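Novice: Before I ask anything, let me first share the structure, which is written out below as structure tokens.
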Amino acid sequence: MKPKLADRPGALAWIFLLPSVLYIVALIALPFVLAIAFALSDVSAGDPSYDYVGLLNFRRAFDDPVFWRSLGNTFVFTAISMVLIVVLGKVLANILVADFRGKWLVRFLVLLPWTTPVALSSISWLWLLDSIYSPIDWVLRQFGVLGPGENLYWLGQPGLAMTSVIAVHVWRLTPLAAVIMMAGLVAIPNDINEAAKVDGAGYWRRMFEITVPLVLPVAAVAALFGAIFTFTDMAVVRVLTRGGPNDATQVLASWAFYRGIEGGDVAQGAAVALFLFPLLLAAAVAILRVVRRIEVG
Amino acid sequence: MARVGLYFAAVLVALLCAGPFVWSLVTAFKQNRDLYDPRNNPFLFNRPATPDHVLYLFTDTAFTTFAWNTLWVGALVVLITLTFALPAAYALARLDRPWAGPLSIAIFLVYLVPPSLLFLSLSRMVVGVGLQDSTWSLVLIYPTITIPVSVWLLMGFLKGVPRDIEEQAMVDGYSRLGAFARAVVPLAFPGIVAVVVFTFTLTASEFIYALAFVAPTDEMPVSTGVPTQLVRGDVFFWQSLQAATVLVAVPIAFVFNLFLDRFIAGFTMGAVKG
């Protein structure tokens with residue numbers, strides 16, 4: 001007798017997968033191909049007719065110093081943010097798994113930066129970093145770091161603007177990294193630590209031989225999410241600096257938006273945005289490899 | 001001594017994370033003359049507090065409409081995501097197809113295609129199906145962000161469910177489908193909760209698609225509606241903006257916190273065994 005449909009893993013697998021695969025093909029793969037087509041064309045908001053121009057848009061991007069600047073900024077922005085997010089996330093996770101009174105409230109407060117829609121929290125920061133009314137400047141003035149009536153112009157100076165953008169980003173994503181890493185810390189069975197303690201292993205020995213290897217895969221996952229959110233996100237840059245001053249905080253995502261939507265140069269915007277994909281791919285493959293090697297080892 | 005250090009650290013991180021919100025709350029109730037004076041202490045009321053700017057949010061802007069839009073879009077997107085991703089994740093994690101490995105990697109890679117790359121073409125497709133300027137366009141498009149990542153997370157959670165339980169359910173007379181619905185899904189529940197919470201947060205936060213697809217104010221979610229109505233050119237309605245941030249932030253963080261332990265349990269199964 002032929003088994004019922006609901007019992008045949010092969011057929012069931014297809015039925016289960018088909019909706020998701022169709023959705024992804026229709027609304028991600030297809031627009032992705034379209035984006036590649038745009039990048040090889042001269043489509044613009046003013047002239048939507050399609051003409052193939054080959055790699056012209058890429059050559060134009062390479063000739064533009066702003067492209068290289070954005071690329072460099074993207075790497076600086078992503079690398080610094082990721083290191084800080086993972087390190088601070090681990091510290092935060094260690095605090096949050098400990099037992100103390102008022103833990104519920106502390107967790108709630110710690111979650112706020114991540115759960116708030118990024119456009120809104122960035123606007124709050126815009127005022128915190130305001131050129132005249134910045135409360136941070138006010139505090140610095142009280143301590144005499146700044147003279148009366150002096151301001152730092154957080155978002156007006158290249159170095160400070162980059163620092164501000166990175167700080168807001170780290171502030172926003174560290175709670176997520178902490179939550180992901182809490183998962184890793186909770187997963188370490190207490191008896192392993194207890195047994196090691198009984199066997200005479202000191203704090204550092206336990207740290208490096210038990211905690212770190214067990215937490216590393218989760219830390220890598222946190223790093224991966226951090227990288228994706230940092231690399232592709234332009235909301236913080238967009239709200240705080242619009243890429244300025246003088247493209248000092250321009251990243252690839254925000255520059256693609258600026259060219260493709262505001263400049264109306266759809267083809268150029270698509271070409272710049274396409275650049276994000278191979279870089280992300282390389283980062284993701286590297287991180288997933290690390291995770292796999294650790295798990296096998 | 002260690003206890004004191006722990007409490008000190010806990011208070012410090014709480015302040016670092018939530019400080020801007022506390023300060024937003026104070027600012028929301030400030031009078032203009034209090035706010036726009038750089039000599040005034042920005043953390044205290046230098047003049048009597050006023051509820052005017054907070055009330056303005058409810059009487060003169062579409063804030064409640066934005067909040068409602070974010071809520072129902074989020075709920076529908078979560079529902080669609082689970083309907084699509086849960087069976088897909090099960091097929092990849094458990095049905096032992098030879099192509100399951102490559103396909104699951106492919107689905108994860110899809111998550112790496114950033115919205116900033118897709119929205120140009122997607123906005124033309126949205127026009128093509130006649131959903132331009134409608135909140136429904138977001139219901140259609142947001143699952144493209146949430147389905148790939150949810151499949152990836154759910155796969156991990158489903159791998160954490162012992163195979164014996166499924167086999168026992170089939171011995172008891174359930175079909176494979178029945179075993180999935182009755183035995184596997186309930187055990188993967190912490191993972192499902194994790195995905196629900198994560199998905200909703202991603203949806204509420206999304207900015208680029210909402211900005212590109214929806215122009216009429218009444219159809220906007222919070223993330224684009226609030227900046228659009230409360231930033232007019234160079235004029236920022238600062239107090240109302242701060243009030244909106246706090247009003248949106250607190251409920252989402254509250255709900256997230258309720259499910260945090262389940263989220264962590266889910267992520268443990270997903271990330272470590274995945």
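Here, A, B, ... name the chains of the structure tokens in the order displayed, residue numbers run from 1 inside each chain, and ligands are numbered from 1 in the same displayed order.
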Taking only C-alpha atoms into account, find every residue of chain B that has an atom no more than 7 Å from chain A, and write it out as a short mmCIF file (atom, residue, chain, number, x, y, z; two decimals) with C-alpha atoms, in the first residue's frame.

Specialist:
data_model
loop_
_atom_site.label_atom_id
_atom_site.label_comp_id
_atom_site.auth_asym_id
_atom_site.auth_seq_id
_atom_site.Cartn_x
_atom_site.Cartn_y
_atom_site.Cartn_z
CA ALA B 10 24.16 46.43 37.35
CA ALA B 14 21.18 50.12 33.47
CA CYS B 17 21.45 51.75 28.43
CA ALA B 18 18.39 53.54 29.75
CA PRO B 38 21.91 76.04 27.06
CA PRO B 42 19.10 69.49 31.00
CA PHE B 84 5.94 29.92 6.21
CA ALA B 85 9.08 29.42 8.27
CA PRO B 87 7.26 24.00 8.21
CA ALA B 88 10.26 25.03 6.11
CA ALA B 91 11.70 20.12 6.50
CA LEU B 95 13.09 15.34 6.95
CA LEU B 112 22.46 38.85 3.83
CA VAL B 113 20.84 40.62 0.89
CA PRO B 114 20.28 44.04 2.45
CA SER B 116 19.17 48.92 0.77
CA LEU B 117 19.86 46.74 -2.26
CA LEU B 118 16.32 45.51 -2.86
CA SER B 121 13.32 47.03 -7.47
CA LEU B 122 10.80 46.13 -4.77
CA THR B 144 11.26 38.90 3.14
CA SER B 175 1.27 10.53 10.80
CA ARG B 176 4.54 12.37 10.23
CA LEU B 177 2.49 15.54 9.82
CA THR B 201 11.12 43.86 17.02
CA ALA B 204 8.72 47.63 14.34
CA SER B 205 12.24 48.92 13.76
CA PHE B 207 12.86 52.05 8.34
CA SER B 223 9.22 54.42 12.61
CA GLN B 242 11.04 62.37 22.97
CA THR B 245 10.24 57.50 21.67
CA VAL B 248 6.95 53.24 21.83
CA ALA B 249 10.08 51.95 23.58
CA ILE B 252 8.05 46.71 23.40
CA ALA B 253 10.86 46.35 25.94
CA PHE B 254 8.30 45.30 28.57
CA ASN B 257 11.44 41.24 28.93
CA ILE B 264 17.30 32.81 25.86
CA ALA B 265 16.26 29.17 26.24
CA PHE B 267 18.44 30.73 21.42
CA THR B 268 20.49 28.26 23.46
CA ALA B 271 22.70 28.49 18.49
CA VAL B 272 24.52 25.77 20.37
#

Novice: Can you work out the spacing between CA of Leu25 in chain B and CA of Tyr56 in chain B in Å, to one decimal?

Specialist: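 These two atoms are separated by 15.1 Å.
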
Novice: Just the number, please: distance in Å from CA of Phe213 in chain B to CA of Arg124 in chain B, one decimal.

Specialist: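 For CA of Phe213 in chain B relative to CA of Arg124 in chain B, the distance reads 9.4 Å.
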
Novice: What residues in range 13-262 of chain B get the DSSP label strand (DSSP E or B)? Please answer as a ChimeraX atom specification.

Specialist: /B:231-232,235-236

Novice: Tell me which of B:Phe29, B:Phe8, B:Phe180, B:Phe63 sits closest to Thr50 in chain B, counting only C-alpha atoms.

Specialist: B:Phe29

Novice: Neighbouring residues of Phe58 in chain B were defined as those with any atom within 10 Å, considering only C-alpha atoms; residues of the same chain fewer than 6 positions away were excluded. Please report them as a ChimeraX atom specification.

Specialist: /B:64-65,240,244

Novice: Which polymer residues have any atom within 10 Å of an atom of Gly178 in chain B, counting only C-alpha atoms, with same-chain residues fewer than 4 positions away left out, as an MDAnalysis selection string?

Specialist: (chainID A and resid 6:7) or (chainID B and resid 166 169:170 173:174 182:184)

Novice: Enter the distance from CA of Ile287 in chain A to CA of Ala223 in chain A, in Å, rounded to one decimal.

Specialist: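 That distance, rounded to one decimal, is 8.1 Å.
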
Novice: Applying 9 Å and only C-alpha atoms, which residues near Asp42 in chain A remain after dropping the ones on its own chain fewer than 4 positions away? List them as a ChimeraX atom specification.

Specialist: /A:38,47-53,56-57,265-268

Novice: Could you write out the selected residues, including all heavy atoms, as a short mmCIF file (atom, residue, chain, number, x, y, z; two decimals), in the first residue's frame?

Specialist:
data_model
loop_
_atom_site.label_atom_id
_atom_site.label_comp_id
_atom_site.auth_asym_id
_atom_site.auth_seq_id
_atom_site.Cartn_x
_atom_site.Cartn_y
_atom_site.Cartn_z
N PHE A 38 19.64 46.68 -13.06
CA PHE A 38 19.71 48.14 -12.93
C PHE A 38 21.16 48.62 -12.90
O PHE A 38 21.51 49.62 -13.51
CB PHE A 38 19.04 48.60 -11.63
CG PHE A 38 17.54 48.64 -11.70
CD1 PHE A 38 16.78 48.37 -10.58
CD2 PHE A 38 16.89 48.94 -12.88
CE1 PHE A 38 15.40 48.39 -10.64
CE2 PHE A 38 15.52 48.98 -12.94
CZ PHE A 38 14.76 48.69 -11.82
N ASP A 47 14.68 59.15 -16.40
CA ASP A 47 14.62 58.41 -17.66
C ASP A 47 14.58 56.91 -17.37
O ASP A 47 15.61 56.24 -17.33
CB ASP A 47 15.87 58.75 -18.50
CG ASP A 47 15.92 57.93 -19.78
OD1 ASP A 47 14.86 57.38 -20.17
OD2 ASP A 47 17.01 57.82 -20.37
N PRO A 48 13.38 56.37 -17.10
CA PRO A 48 13.28 54.98 -16.66
C PRO A 48 13.48 53.95 -17.78
O PRO A 48 13.42 52.75 -17.52
CB PRO A 48 11.86 54.88 -16.09
CG PRO A 48 11.18 56.15 -16.41
CD PRO A 48 12.08 57.03 -17.20
N SER A 49 13.74 54.37 -19.01
CA SER A 49 13.92 53.40 -20.09
C SER A 49 15.24 52.66 -19.88
O SER A 49 16.22 53.23 -19.42
CB SER A 49 13.92 54.09 -21.44
OG SER A 49 15.06 54.92 -21.55
N TYR A 50 15.24 51.35 -20.26
CA TYR A 50 16.38 50.50 -19.95
C TYR A 50 17.37 50.44 -21.11
O TYR A 50 17.01 50.05 -22.21
CB TYR A 50 15.89 49.09 -19.62
CG TYR A 50 16.98 48.21 -19.07
CD1 TYR A 50 17.16 48.08 -17.70
CD2 TYR A 50 17.83 47.53 -19.92
CE1 TYR A 50 18.17 47.30 -17.19
CE2 TYR A 50 18.85 46.74 -19.42
CZ TYR A 50 19.02 46.62 -18.05
OH TYR A 50 20.03 45.85 -17.55
N ASP A 51 18.60 50.88 -20.88
CA ASP A 51 19.66 50.69 -21.86
C ASP A 51 20.83 50.03 -21.16
O ASP A 51 21.30 50.51 -20.12
CB ASP A 51 20.12 52.04 -22.43
CG ASP A 51 19.03 52.70 -23.23
OD1 ASP A 51 18.62 52.13 -24.24
OD2 ASP A 51 18.55 53.79 -22.81
N TYR A 52 21.33 48.95 -21.79
CA TYR A 52 22.47 48.23 -21.21
C TYR A 52 23.74 49.05 -21.40
O TYR A 52 24.03 49.51 -22.49
CB TYR A 52 22.58 46.88 -21.88
CG TYR A 52 23.73 46.05 -21.37
CD1 TYR A 52 23.61 45.34 -20.18
CD2 TYR A 52 24.92 45.96 -22.08
CE1 TYR A 52 24.64 44.58 -19.70
CE2 TYR A 52 25.96 45.20 -21.60
CZ TYR A 52 25.82 44.51 -20.41
OH TYR A 52 26.86 43.76 -19.93
N VAL A 53 24.48 49.26 -20.30
CA VAL A 53 25.72 50.03 -20.43
C VAL A 53 26.93 49.26 -19.91
O VAL A 53 28.01 49.82 -19.75
CB VAL A 53 25.66 51.38 -19.69
CG1 VAL A 53 24.58 52.27 -20.29
CG2 VAL A 53 25.43 51.18 -18.20
N LEU A 56 29.82 50.28 -16.81
CA LEU A 56 30.06 51.72 -16.71
C LEU A 56 29.81 52.26 -15.30
O LEU A 56 30.60 53.04 -14.77
CB LEU A 56 29.17 52.46 -17.71
CG LEU A 56 29.34 53.98 -17.71
CD1 LEU A 56 30.70 54.34 -18.28
CD2 LEU A 56 28.24 54.66 -18.51
N ASN A 57 28.69 51.80 -14.67
CA ASN A 57 28.35 52.31 -13.34
C ASN A 57 29.42 51.96 -12.31
O ASN A 57 29.69 52.74 -11.40
CB ASN A 57 27.01 51.76 -12.89
CG ASN A 57 25.87 52.37 -13.67
OD1 ASN A 57 25.78 53.59 -13.76
ND2 ASN A 57 25.04 51.53 -14.26
N ASP A 265 19.66 58.61 -9.39
CA ASP A 265 20.50 57.80 -10.26
C ASP A 265 20.37 56.33 -9.84
O ASP A 265 21.25 55.78 -9.18
CB ASP A 265 21.95 58.28 -10.15
CG ASP A 265 22.82 57.74 -11.28
OD1 ASP A 265 22.39 56.77 -11.93
OD2 ASP A 265 23.91 58.28 -11.48
N VAL A 266 19.25 55.72 -10.25
CA VAL A 266 18.93 54.36 -9.82
C VAL A 266 20.07 53.39 -10.15
O VAL A 266 20.47 52.57 -9.32
CB VAL A 266 17.62 53.88 -10.51
CG1 VAL A 266 17.32 52.45 -10.13
CG2 VAL A 266 16.47 54.80 -10.11
N ALA A 267 20.62 53.52 -11.36
CA ALA A 267 21.65 52.58 -11.80
C ALA A 267 22.89 52.67 -10.93
O ALA A 267 23.43 51.66 -10.47
CB ALA A 267 22.00 52.86 -13.26
N GLN A 268 23.33 53.90 -10.67
CA GLN A 268 24.52 54.08 -9.85
C GLN A 268 24.29 53.58 -8.42
O GLN A 268 25.13 52.92 -7.83
CB GLN A 268 24.90 55.57 -9.83
CG GLN A 268 26.11 55.91 -9.00
CD GLN A 268 27.40 55.52 -9.68
OE1 GLN A 268 27.81 56.13 -10.63
NE2 GLN A 268 28.02 54.47 -9.18
#

Novice: So that I can check the surroundings of Leu44 in chain B, please list as a list of chain:residue names every protein, DNA and RNA residue that reaches within 10 Å of it, counting only C-alpha atoms and ignoring chain neighbours fewer than 6 positions away.

Specialist: B:Trp23, B:Val26, B:Thr27, B:Lys30, B:Asp34

Novice: So that I have them on file, write out the residues from the current selection with all heavy atoms, as an mmCIF file, in the first residue's frame.

Specialist:
data_model
loop_
_atom_site.group_PDB
_atom_site.id
_atom_site.type_symbol
_atom_site.label_atom_id
_atom_site.label_comp_id
_atom_site.auth_asym_id
_atom_site.auth_seq_id
_atom_site.Cartn_x
_atom_site.Cartn_y
_atom_site.Cartn_z
ATOM 1 N N TRP B 23 16.215 60.613 30.354
ATOM 2 C CA TRP B 23 16.389 62.000 29.972
ATOM 3 C C TRP B 23 15.314 62.421 28.954
ATOM 4 O O TRP B 23 14.785 63.530 29.007
ATOM 5 C CB TRP B 23 17.809 62.166 29.436
ATOM 6 C CG TRP B 23 18.030 63.469 28.848
ATOM 7 C CD1 TRP B 23 18.378 64.606 29.480
ATOM 8 C CD2 TRP B 23 17.823 63.799 27.497
ATOM 9 N NE1 TRP B 23 18.428 65.630 28.589
ATOM 10 C CE2 TRP B 23 18.087 65.154 27.373
ATOM 11 C CE3 TRP B 23 17.439 63.066 26.370
ATOM 12 C CZ2 TRP B 23 17.978 65.813 26.160
ATOM 13 C CZ3 TRP B 23 17.331 63.693 25.172
ATOM 14 C CH2 TRP B 23 17.606 65.060 25.079
ATOM 15 N N VAL B 26 12.169 63.268 30.873
ATOM 16 C CA VAL B 26 12.212 64.603 31.480
ATOM 17 C C VAL B 26 11.966 65.662 30.411
ATOM 18 O O VAL B 26 11.140 66.557 30.566
ATOM 19 C CB VAL B 26 13.584 64.832 32.164
ATOM 20 C CG1 VAL B 26 13.693 66.273 32.646
ATOM 21 C CG2 VAL B 26 13.771 63.870 33.319
ATOM 22 N N THR B 27 12.661 65.514 29.282
ATOM 23 C CA THR B 27 12.558 66.500 28.210
ATOM 24 C C THR B 27 11.138 66.619 27.678
ATOM 25 O O THR B 27 10.674 67.725 27.362
ATOM 26 C CB THR B 27 13.506 66.112 27.060
ATOM 27 O OG1 THR B 27 14.796 65.910 27.595
ATOM 28 C CG2 THR B 27 13.554 67.192 26.004
ATOM 29 N N LYS B 30 9.093 69.260 29.311
ATOM 30 C CA LYS B 30 9.683 70.582 29.519
ATOM 31 C C LYS B 30 8.979 71.663 28.700
ATOM 32 O O LYS B 30 8.521 71.413 27.587
ATOM 33 C CB LYS B 30 11.160 70.546 29.121
ATOM 34 C CG LYS B 30 12.053 69.968 30.191
ATOM 35 C CD LYS B 30 13.492 70.300 29.908
ATOM 36 C CE LYS B 30 14.355 69.887 31.097
ATOM 37 N NZ LYS B 30 15.684 70.459 31.009
ATOM 38 N N ASP B 34 12.366 76.432 28.900
ATOM 39 C CA ASP B 34 13.267 75.648 29.732
ATOM 40 C C ASP B 34 14.268 74.889 28.850
ATOM 41 O O ASP B 34 15.469 74.877 29.105
ATOM 42 C CB ASP B 34 12.429 74.667 30.559
ATOM 43 C CG ASP B 34 13.259 73.878 31.555
ATOM 44 O OD1 ASP B 34 14.500 73.961 31.482
ATOM 45 O OD2 ASP B 34 12.667 73.166 32.377
#

Novice: Compile the contact shell of Ala210 in chain B as an mmCIF file with N, CA, C and O atoms, in the first residue's frame: residues with an atom at most 9 Å away, counting only C-alpha atoms, same-chain residues fewer than 3 positions apart removed.

Specialist:
data_model
loop_
_atom_site.group_PDB
_atom_site.id
_atom_site.type_symbol
_atom_site.label_atom_id
_atom_site.label_comp_id
_atom_site.auth_asym_id
_atom_site.auth_seq_id
_atom_site.Cartn_x
_atom_site.Cartn_y
_atom_site.Cartn_z
ATOM 1 N N THR B 135 -0.381 50.517 3.755
ATOM 2 C CA THR B 135 0.328 49.790 4.807
ATOM 3 C C THR B 135 0.465 48.319 4.435
ATOM 4 O O THR B 135 1.381 47.636 4.888
ATOM 5 N N SER B 137 1.464 47.057 1.792
ATOM 6 C CA SER B 137 2.724 46.766 1.099
ATOM 7 C C SER B 137 3.767 46.278 2.100
ATOM 8 O O SER B 137 4.585 45.421 1.790
ATOM 9 N N LEU B 138 3.722 46.815 3.325
ATOM 10 C CA LEU B 138 4.685 46.398 4.345
ATOM 11 C C LEU B 138 4.395 44.971 4.810
ATOM 12 O O LEU B 138 5.308 44.196 5.060
ATOM 13 N N GLU B 206 11.921 48.547 11.377
ATOM 14 C CA GLU B 206 12.265 48.704 9.960
ATOM 15 C C GLU B 206 11.996 50.129 9.508
ATOM 16 O O GLU B 206 11.011 50.751 9.867
ATOM 17 N N PHE B 207 12.902 50.631 8.664
ATOM 18 C CA PHE B 207 12.856 52.046 8.335
ATOM 19 C C PHE B 207 12.874 52.269 6.821
ATOM 20 O O PHE B 207 12.050 53.004 6.282
ATOM 21 N N PHE B 213 8.115 52.983 0.493
ATOM 22 C CA PHE B 213 6.847 52.504 -0.069
ATOM 23 C C PHE B 213 5.643 53.345 0.299
ATOM 24 O O PHE B 213 4.665 53.398 -0.441
ATOM 25 N N VAL B 214 5.645 53.929 1.497
ATOM 26 C CA VAL B 214 4.412 54.513 2.031
ATOM 27 C C VAL B 214 4.566 56.018 2.224
ATOM 28 O O VAL B 214 5.299 56.466 3.093
ATOM 29 N N ALA B 215 3.876 56.785 1.407
ATOM 30 C CA ALA B 215 3.952 58.239 1.528
ATOM 31 C C ALA B 215 2.813 58.873 2.326
ATOM 32 O O ALA B 215 3.048 59.819 3.065
ATOM 33 N N MET B 220 1.316 55.252 7.562
ATOM 34 C CA MET B 220 2.683 55.015 8.028
ATOM 35 C C MET B 220 2.729 54.292 9.362
ATOM 36 O O MET B 220 1.863 54.472 10.214
ATOM 37 N N PRO B 221 3.789 53.487 9.566
ATOM 38 C CA PRO B 221 4.040 52.949 10.902
ATOM 39 C C PRO B 221 4.809 53.979 11.736
ATOM 40 O O PRO B 221 5.190 55.029 11.211
ATOM 41 N N SER B 223 7.820 54.093 12.881
ATOM 42 C CA SER B 223 9.222 54.416 12.606
ATOM 43 C C SER B 223 9.385 55.501 11.541
ATOM 44 O O SER B 223 10.369 56.228 11.555
ATOM 45 N N THR B 224 8.446 55.618 10.613
ATOM 46 C CA THR B 224 8.547 56.726 9.659
ATOM 47 C C THR B 224 7.549 57.833 9.963
ATOM 48 O O THR B 224 7.812 58.992 9.672
#

Novice: Let's see if you can do this: from backbone DSSP, list all alpha helix (DSSP H) residues in range 122-250 of chain B, as a PyMOL selection string.

Specialist: chain B and resi 122-128+136-141+143-159+163-171+176-179+185-187+189-205+208-213+222-230+238-250
